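A.B. asks: File name query12.csv; file contents CSV, C-alpha atoms and all ligand atoms; full text below.
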```csv
chain,number,residue,atom,x,y,z
A,1,MET,CA,301.3,104.0,163.4
A,2,GLU,CA,298.4,101.6,163.6
A,3,GLU,CA,297.4,99.7,160.5
A,4,THR,CA,294.1,101.6,160.2
A,5,THR,CA,295.9,104.9,160.5
A,6,VAL,CA,298.3,103.9,157.7
A,7,ILE,CA,295.5,102.8,155.4
A,8,LYS,CA,293.5,106.0,156.1
A,9,ALA,CA,296.5,108.2,155.5
A,10,TYR,CA,297.3,106.5,152.1
A,11,ASP,CA,293.7,106.2,151.0
A,12,ARG,CA,293.5,110.0,151.6
A,13,LEU,CA,296.9,110.7,149.8
A,14,ALA,CA,296.3,108.4,146.8
A,15,ARG,CA,295.0,110.8,144.2
A,16,GLY,CA,297.7,113.5,144.9
A,17,TYR,CA,300.5,111.1,145.7
A,18,ASP,CA,302.2,111.1,142.4
A,19,HIS,CA,302.5,114.9,142.4
A,20,LEU,CA,303.8,115.0,146.0
A,21,PHE,CA,306.1,112.0,146.0
A,22,GLY,CA,306.7,111.3,142.3
A,23,PRO,CA,309.8,113.2,141.0
A,24,ILE,CA,311.4,113.7,144.4
A,25,PHE,CA,311.6,109.9,145.1
A,26,ASN,CA,312.2,108.8,141.5
A,27,PRO,CA,316.0,108.7,141.6
A,28,GLY,CA,315.9,106.1,144.4
A,29,ARG,CA,313.3,104.0,142.6
A,30,ARG,CA,315.4,104.1,139.4
A,31,ARG,CA,318.7,103.3,141.2
A,32,ILE,CA,317.3,100.2,142.9
A,33,ILE,CA,316.0,98.8,139.6
A,34,GLU,CA,319.4,99.6,138.0
A,35,ARG,CA,321.1,97.8,141.0
A,36,MET,CA,319.0,94.7,140.4
A,37,GLY,CA,320.6,94.3,137.0
A,38,CYS,CA,317.7,92.2,135.7
A,39,GLN,CA,318.7,89.8,133.0
A,40,GLY,CA,315.3,88.6,132.1
A,41,GLY,CA,313.1,86.0,133.8
A,42,GLU,CA,313.6,87.3,137.4
A,43,ARG,CA,310.7,87.3,139.9
A,44,VAL,CA,310.6,90.6,141.8
A,45,LEU,CA,308.3,91.4,144.7
A,46,GLU,CA,307.6,95.1,145.6
A,47,VAL,CA,306.1,95.5,149.1
A,48,GLY,CA,304.1,98.7,149.6
A,49,VAL,CA,304.0,99.3,145.9
A,50,GLY,CA,301.7,102.3,146.3
A,51,THR,CA,300.6,103.9,143.1
A,52,GLY,CA,303.2,101.9,141.2
A,53,LEU,CA,305.5,104.8,140.2
A,54,SER,CA,308.4,102.4,139.9
A,55,LEU,CA,306.6,99.8,137.7
A,56,PRO,CA,307.4,101.3,134.3
A,57,TYR,CA,311.2,101.2,135.1
A,58,TYR,CA,311.3,97.4,135.2
A,59,PRO,CA,312.3,95.5,132.0
A,60,GLN,CA,309.2,93.9,130.5
A,61,ASP,CA,310.7,90.4,130.8
A,62,THR,CA,310.9,90.8,134.6
A,63,ALA,CA,307.8,89.4,136.4
A,64,VAL,CA,306.9,92.0,139.1
A,65,VAL,CA,304.4,91.4,141.9
A,66,GLY,CA,303.3,94.5,143.9
A,67,ILE,CA,301.4,94.4,147.1
A,68,ASP,CA,299.8,97.1,149.3
A,69,VAL,CA,297.2,97.6,152.0
A,70,SER,CA,295.6,100.7,150.6
A,71,ASP,CA,292.9,100.0,148.0
A,72,LYS,CA,293.0,103.6,146.8
A,73,MET,CA,296.8,103.5,146.2
A,74,LEU,CA,296.4,100.2,144.4
A,75,ALA,CA,293.6,101.6,142.3
A,76,VAL,CA,296.0,104.3,140.9
A,77,ALA,CA,298.6,101.6,140.3
A,78,ARG,CA,296.1,99.4,138.4
A,79,GLU,CA,295.2,102.4,136.2
A,80,ARG,CA,298.9,102.9,135.5
A,81,VAL,CA,299.4,99.2,134.6
A,82,ALA,CA,296.4,99.3,132.3
A,83,ARG,CA,297.4,102.6,130.7
A,84,GLN,CA,301.0,101.6,130.0
A,85,GLY,CA,300.2,98.0,129.1
A,86,LEU,CA,302.5,96.6,131.8
A,87,ASP,CA,301.7,92.9,131.3
A,88,ASN,CA,304.6,91.8,133.4
A,89,VAL,CA,303.0,93.2,136.6
A,90,ALA,CA,300.5,91.6,139.0
A,91,LEU,CA,299.0,93.6,142.0
A,92,HIS,CA,297.4,92.3,145.1
A,93,ARG,CA,296.0,93.8,148.3
A,94,MET,CA,298.2,92.2,151.0
A,95,ASP,CA,299.9,93.0,154.3
A,96,ALA,CA,303.7,93.1,154.0
A,97,GLN,CA,303.9,91.9,157.6
A,98,ALA,CA,302.0,88.7,156.9
A,99,MET,CA,302.3,87.7,153.3
A,100,ALA,CA,300.3,84.9,151.6
A,101,PHE,CA,303.3,83.8,149.4
A,102,GLU,CA,305.2,80.5,149.8
A,103,ASP,CA,308.8,80.6,151.2
A,104,ASP,CA,311.5,81.4,148.5
A,105,SER,CA,308.9,82.7,145.9
A,106,PHE,CA,311.0,85.6,144.6
A,107,ASP,CA,314.6,86.3,143.4
A,108,THR,CA,314.4,89.9,144.6
A,109,VAL,CA,312.3,91.6,147.3
A,110,VAL,CA,312.2,95.4,147.6
A,111,ALA,CA,310.6,98.0,149.9
A,112,MET,CA,310.6,101.5,148.5
A,113,TYR,CA,309.8,104.2,151.2
A,114,VAL,CA,307.8,101.7,153.3
A,115,ALA,CA,310.1,100.7,156.2
A,116,SER,CA,309.1,103.8,158.3
A,117,VAL,CA,305.4,103.4,157.4
A,118,VAL,CA,304.6,99.8,158.4
A,119,PRO,CA,303.5,99.4,162.0
A,120,ASP,CA,306.1,96.6,162.6
A,121,ASP,CA,309.2,96.9,160.3
A,122,ALA,CA,310.8,93.8,161.9
A,123,ARG,CA,307.9,91.6,160.8
A,124,MET,CA,308.0,93.1,157.4
A,125,SER,CA,311.7,92.5,157.1
A,126,ALA,CA,311.3,88.9,158.3
A,127,GLU,CA,308.6,88.3,155.7
A,128,MET,CA,310.8,89.8,153.0
A,129,ARG,CA,313.6,87.4,153.9
A,130,ARG,CA,311.1,84.4,154.1
A,131,VAL,CA,309.6,85.0,150.6
A,132,CYS,CA,313.0,85.7,149.0
A,133,ARG,CA,315.0,82.7,147.8
A,134,PRO,CA,318.3,82.0,149.6
A,135,GLY,CA,321.0,84.0,147.9
A,136,GLY,CA,318.4,86.5,146.5
A,137,ASP,CA,318.6,90.2,146.8
A,138,LEU,CA,316.8,92.5,149.3
A,139,PHE,CA,316.5,96.2,148.7
A,140,VAL,CA,315.2,99.0,151.0
A,141,VAL,CA,315.2,102.7,150.3
A,142,ASN,CA,314.1,104.9,153.0
A,143,HIS,CA,314.8,108.1,155.0
A,144,PHE,CA,316.7,107.4,158.2
A,145,THR,CA,317.2,109.8,161.1
A,146,HIS,CA,319.8,112.4,160.2
A,147,HIS,CA,323.2,112.5,162.0
A,148,ASN,CA,323.1,116.3,162.3
A,149,ARG,CA,321.4,117.2,165.6
A,150,HIS,CA,319.6,120.3,164.2
A,151,VAL,CA,318.1,118.4,161.3
A,152,ARG,CA,317.2,115.6,163.8
A,153,ARG,CA,315.4,118.1,166.0
A,154,LEU,CA,313.3,119.2,163.0
A,155,GLU,CA,312.6,115.6,162.2
A,156,ARG,CA,311.3,115.0,165.7
A,157,LEU,CA,309.0,118.0,165.2
A,158,VAL,CA,307.8,116.5,161.9
A,159,THR,CA,306.9,113.2,163.6
A,160,ARG,CA,303.9,114.9,165.2
A,161,ALA,CA,302.4,115.0,161.7
A,162,THR,CA,303.0,111.3,161.2
A,163,PRO,CA,299.3,110.3,161.0
A,164,PHE,CA,298.8,112.8,158.2
A,165,LEU,CA,302.1,112.4,156.4
A,166,GLY,CA,301.9,108.6,156.5
A,167,PHE,CA,305.5,108.0,157.6
A,168,ASP,CA,307.8,108.4,160.6
A,169,ALA,CA,310.5,111.1,160.0
A,170,ASP,CA,312.5,110.0,163.1
A,171,PHE,CA,313.6,106.5,162.1
A,172,PRO,CA,317.2,105.5,163.0
A,173,LEU,CA,319.2,103.3,160.6
A,174,GLU,CA,321.2,101.1,163.0
A,175,PRO,CA,318.2,99.8,165.1
A,176,PHE,CA,316.3,99.2,161.8
A,177,LEU,CA,319.2,97.0,160.5
A,178,GLN,CA,319.4,95.1,163.7
A,179,ARG,CA,315.7,94.3,163.7
A,180,ALA,CA,315.9,93.4,160.0
A,181,GLY,CA,318.7,90.9,160.4
A,182,PHE,CA,319.9,91.7,156.8
A,183,ARG,CA,323.4,90.8,155.6
A,184,VAL,CA,324.1,94.3,154.2
A,185,LEU,CA,326.2,94.6,151.1
A,186,THR,CA,326.1,98.3,150.4
A,187,ILE,CA,324.3,101.5,151.7
A,188,GLU,CA,324.3,104.5,149.4
A,189,PRO,CA,322.8,107.9,149.6
A,190,VAL,CA,320.1,108.8,147.1
A,191,ASN,CA,317.6,111.6,146.3
A,192,LEU,CA,317.9,115.2,147.2
A,193,GLY,CA,321.4,115.7,148.8
A,194,GLY,CA,321.5,112.1,149.7
A,195,TYR,CA,318.9,112.5,152.4
A,196,TRP,CA,317.6,109.0,151.8
A,197,SER,CA,319.5,105.7,151.9
A,198,LEU,CA,319.5,102.7,149.6
A,199,ILE,CA,320.3,99.5,151.3
A,200,HIS,CA,321.3,96.4,149.3
A,201,ALA,CA,321.4,93.1,151.2
A,202,ARG,CA,321.9,89.5,150.3
A,203,ASN,CA,319.3,87.0,151.6
A,204,GLU,CA,321.2,84.4,153.7
A,205,ALA,CA,320.7,80.7,152.9
A,206,ALA,CA,318.3,79.2,155.4
T,1,LIG,C1,305.4,106.2,151.1
T,1,LIG,S1,304.4,105.0,150.3
T,1,LIG,C2,305.5,104.3,149.1
T,1,LIG,C3,304.8,103.8,147.9
T,1,LIG,C4,305.8,103.3,146.8
T,1,LIG,N1,306.7,102.3,147.2
T,1,LIG,C5,306.6,104.5,146.2
T,1,LIG,O1,307.8,104.3,145.9
T,1,LIG,O2,306.0,105.6,146.0
T,1,LIG,C6,304.2,103.7,151.4
T,1,LIG,C7,303.2,102.6,150.9
T,1,LIG,O3,303.3,101.5,151.8
T,1,LIG,C8,302.0,101.0,152.0
T,1,LIG,N2,301.9,100.2,153.2
T,1,LIG,C9,301.9,100.6,154.5
T,1,LIG,N3,301.8,99.6,155.3
T,1,LIG,C10,301.8,98.5,154.5
T,1,LIG,C11,301.7,97.1,154.8
T,1,LIG,N4,301.6,96.6,156.1
T,1,LIG,N5,301.7,96.2,153.8
T,1,LIG,C12,301.8,96.6,152.5
T,1,LIG,N6,301.8,97.9,152.2
T,1,LIG,C13,301.8,98.8,153.2
T,1,LIG,C14,301.1,102.2,152.0
T,1,LIG,O4,299.7,101.9,151.7
T,1,LIG,C15,301.7,103.1,150.9
T,1,LIG,O5,301.2,102.8,149.6
```
If you took the structure in this file and wrote it as structure tokens, what would it be?
C.D. replies:
Amino acid sequence: MEETTVIKAYDRLARGYDHLFGPIFNPGRRRIIERMGCQGGERVLEVGVGTGLSLPYYPQDTAVVGIDVSDKMLAVARERVARQGLDNVALHRMDAQAMAFEDDSFDTVVAMYVASVVPDDARMSAEMRRVCRPGGDLFVVNHFTHHNRHVRRLERLVTRATPFLGFDADFPLEPFLQRAGFRVLTIEPVNLGGYWSLIHARNEAA
């Protein structure tokens, strides 16, 4: 998808997003934050933070920065942050494929349900690695193309609705990992019947 199509799709979805994609994706959001094992004082970056559904799950002593390209998704996230008094969160409008942060700015960088949305996932992954400190943690949760050919056929049909849905349902795991260049530690199934995958990688020292 082109950037303008992505922004249009999420600006349109913003007000109904939490109903459509809240509970169904929450187990993956929670699992990632559990896996981070925050001890206090960590700096975490969430790329494509959307309406900020994950933000209340972080401990208050973890500094979280969320970025997104959709002003309307960010507006919902800002309301949540204000309503719940999440003083540990900062939000910015920024492209995950070309971030304004210095190298090694974060201990942990995470992309929840974003990899099959951004126009260029390889650029996003390269940026995630750049802004994460050497030895830090990278997390991605996403749906990847199913191994069952019948399900796969359905996913290919669904891709026709990509500009409206805002994501690509036909998104194979292996090529994504190759483009990302992540040193993968674990991949675990999450959400409904394990249809989504949670990838945990370690950022290589430069
Ligand atoms: C499926 S939503 C996921 C939102 C959130 N992470 C969640 O768990 O619900 C994908 C989000 O990625 C954002 N996005 C798409 N392309 C982006 C980019 N290049 N940079 C930053 N955010 C982007 C969209 O605006 C949208 O908010």
A.B. asks: Show me, as a list in words, the residues that have an atom within 12 Å of A:Phe101 when counting only C-alpha atoms, minus same-chain residues fewer than 4 positions from it.
C.D. replies: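 Counting only C-alpha atoms, the residues come to Leu45, Val65, Ile67, His92, Met94, Asp95, Ala96, Gln97, Ser105, Phe106, Glu127, Met128, Arg129, Arg130, Val131, Cys132 and Arg133 of chain A.
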A.B. asks: Any residue with an atom at most 8 Å from ligand LIG 1 (chain T) counts, using all atoms listed in the file. Which are they? Put them as a ChimeraX atom specification.
C.D. replies: /A:3,6-7,10-11,14,17-18,21-22,25-26,29,46-54,67-71,73-74,93-98,111-114,117-120,124,166-167
A.B. asks: Counting only C-alpha atoms, what is within 12 Å of A:Val141, bar same-chain residues fewer than 5 positions away, as a ChimeraX atom specification?
C.D. replies: /A:25-33,46-48,109-116,173,186-191,194-201
A.B. asks: I'd like the interatomic distance between atom CA of A:Gln39 and atom CA of A:Tyr58, to a tenth of an Å.
C.D. replies: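 Answer for the atom CA of A:Gln39 to atom CA of A:Tyr58 separation: 10.8 Å.
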A.B. asks: Report, as JSON, the centre and edge lengths in Å (one decimal) of the axis-aligned box enclosing every listed atom of stretch 129-146 of chain A, padded by 6 Å on each side.
C.D. replies:
```
{"center_x": 315.3, "center_y": 97.2, "center_z": 153.8, "size_x": 23.4, "size_y": 42.4, "size_z": 26.6}
```
A.B. asks: Record the distance separating atom CA of A:Ala75 and atom CA of A:Glu2, expressed in Å with one decimal.
C.D. replies: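 Result for atom CA of A:Ala75 versus atom CA of A:Glu2: 21.8 Å, one decimal.
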A.B. asks: Can you sort out stretch 8-39 of chain A so it carries N, CA and C atoms, written as a short mmCIF file (atom, residue, chain, number, x, y, z; two decimals), in the coordinates of the input?
C.D. replies:
```cif
data_model
loop_
_atom_site.label_atom_id
_atom_site.label_comp_id
_atom_site.auth_asym_id
_atom_site.auth_seq_id
_atom_site.Cartn_x
_atom_site.Cartn_y
_atom_site.Cartn_z
N LYS A 8 294.23 104.74 156.29
CA LYS A 8 293.50 106.00 156.10
C LYS A 8 294.37 107.07 155.50
N ALA A 9 295.62 107.16 155.98
CA ALA A 9 296.50 108.20 155.50
C ALA A 9 296.76 108.00 153.96
N TYR A 10 297.02 106.75 153.53
CA TYR A 10 297.30 106.50 152.10
C TYR A 10 296.09 106.53 151.23
N ASP A 11 294.95 106.11 151.78
CA ASP A 11 293.70 106.20 151.00
C ASP A 11 293.47 107.73 150.72
N ARG A 12 293.76 108.56 151.72
CA ARG A 12 293.50 110.00 151.60
C ARG A 12 294.55 110.62 150.58
N LEU A 13 295.80 110.13 150.63
CA LEU A 13 296.90 110.70 149.80
C LEU A 13 296.84 110.22 148.33
N ALA A 14 296.13 109.10 148.09
CA ALA A 14 296.30 108.40 146.80
C ALA A 14 296.26 109.24 145.57
N ARG A 15 295.23 110.07 145.44
CA ARG A 15 295.00 110.80 144.20
C ARG A 15 296.08 111.91 143.98
N GLY A 16 296.66 112.43 145.09
CA GLY A 16 297.70 113.50 144.90
C GLY A 16 299.09 112.96 145.08
N TYR A 17 299.21 111.64 145.37
CA TYR A 17 300.50 111.10 145.70
C TYR A 17 301.58 111.29 144.67
N ASP A 18 301.23 111.07 143.41
CA ASP A 18 302.20 111.10 142.40
C ASP A 18 302.83 112.55 142.24
N HIS A 19 302.02 113.56 142.50
CA HIS A 19 302.50 114.90 142.40
C HIS A 19 303.43 115.22 143.63
N LEU A 20 303.00 114.72 144.82
CA LEU A 20 303.80 115.00 146.00
C LEU A 20 305.07 114.21 146.09
N PHE A 21 305.00 112.92 145.75
CA PHE A 21 306.10 112.00 146.00
C PHE A 21 306.65 111.33 144.73
N GLY A 22 306.28 111.86 143.56
CA GLY A 22 306.70 111.30 142.30
C GLY A 22 308.19 111.65 142.02
N PRO A 23 308.42 112.83 141.43
CA PRO A 23 309.80 113.20 141.00
C PRO A 23 310.78 113.19 142.14
N ILE A 24 310.39 113.61 143.32
CA ILE A 24 311.40 113.70 144.40
C ILE A 24 311.96 112.36 144.81
N PHE A 25 311.15 111.28 144.72
CA PHE A 25 311.60 109.90 145.10
C PHE A 25 312.08 109.10 143.90
N ASN A 26 311.93 109.63 142.69
CA ASN A 26 312.20 108.80 141.50
C ASN A 26 313.68 108.36 141.39
N PRO A 27 314.66 109.21 141.74
CA PRO A 27 316.00 108.70 141.60
C PRO A 27 316.29 107.44 142.42
N GLY A 28 315.74 107.35 143.62
CA GLY A 28 315.90 106.10 144.40
C GLY A 28 315.23 104.93 143.81
N ARG A 29 314.03 105.16 143.26
CA ARG A 29 313.30 104.00 142.60
C ARG A 29 314.14 103.52 141.43
N ARG A 30 314.60 104.45 140.60
CA ARG A 30 315.40 104.10 139.40
C ARG A 30 316.68 103.35 139.79
N ARG A 31 317.35 103.89 140.82
CA ARG A 31 318.70 103.30 141.20
C ARG A 31 318.50 101.88 141.67
N ILE A 32 317.46 101.60 142.45
CA ILE A 32 317.30 100.20 142.90
C ILE A 32 317.11 99.29 141.72
N ILE A 33 316.30 99.70 140.77
CA ILE A 33 316.00 98.80 139.60
C ILE A 33 317.31 98.64 138.79
N GLU A 34 318.11 99.71 138.68
CA GLU A 34 319.40 99.60 138.00
C GLU A 34 320.29 98.55 138.77
N ARG A 35 320.31 98.70 140.12
CA ARG A 35 321.10 97.80 141.00
C ARG A 35 320.71 96.35 140.83
N MET A 36 319.43 96.11 140.55
CA MET A 36 319.00 94.70 140.40
C MET A 36 319.63 94.05 139.23
N GLY A 37 319.96 94.84 138.22
CA GLY A 37 320.60 94.30 137.00
C GLY A 37 319.83 93.14 136.42
N CYS A 38 318.54 93.34 136.24
CA CYS A 38 317.70 92.20 135.70
C CYS A 38 318.16 91.74 134.38
N GLN A 39 318.26 90.43 134.25
CA GLN A 39 318.70 89.80 133.00
C GLN A 39 317.60 89.24 132.19
#
```
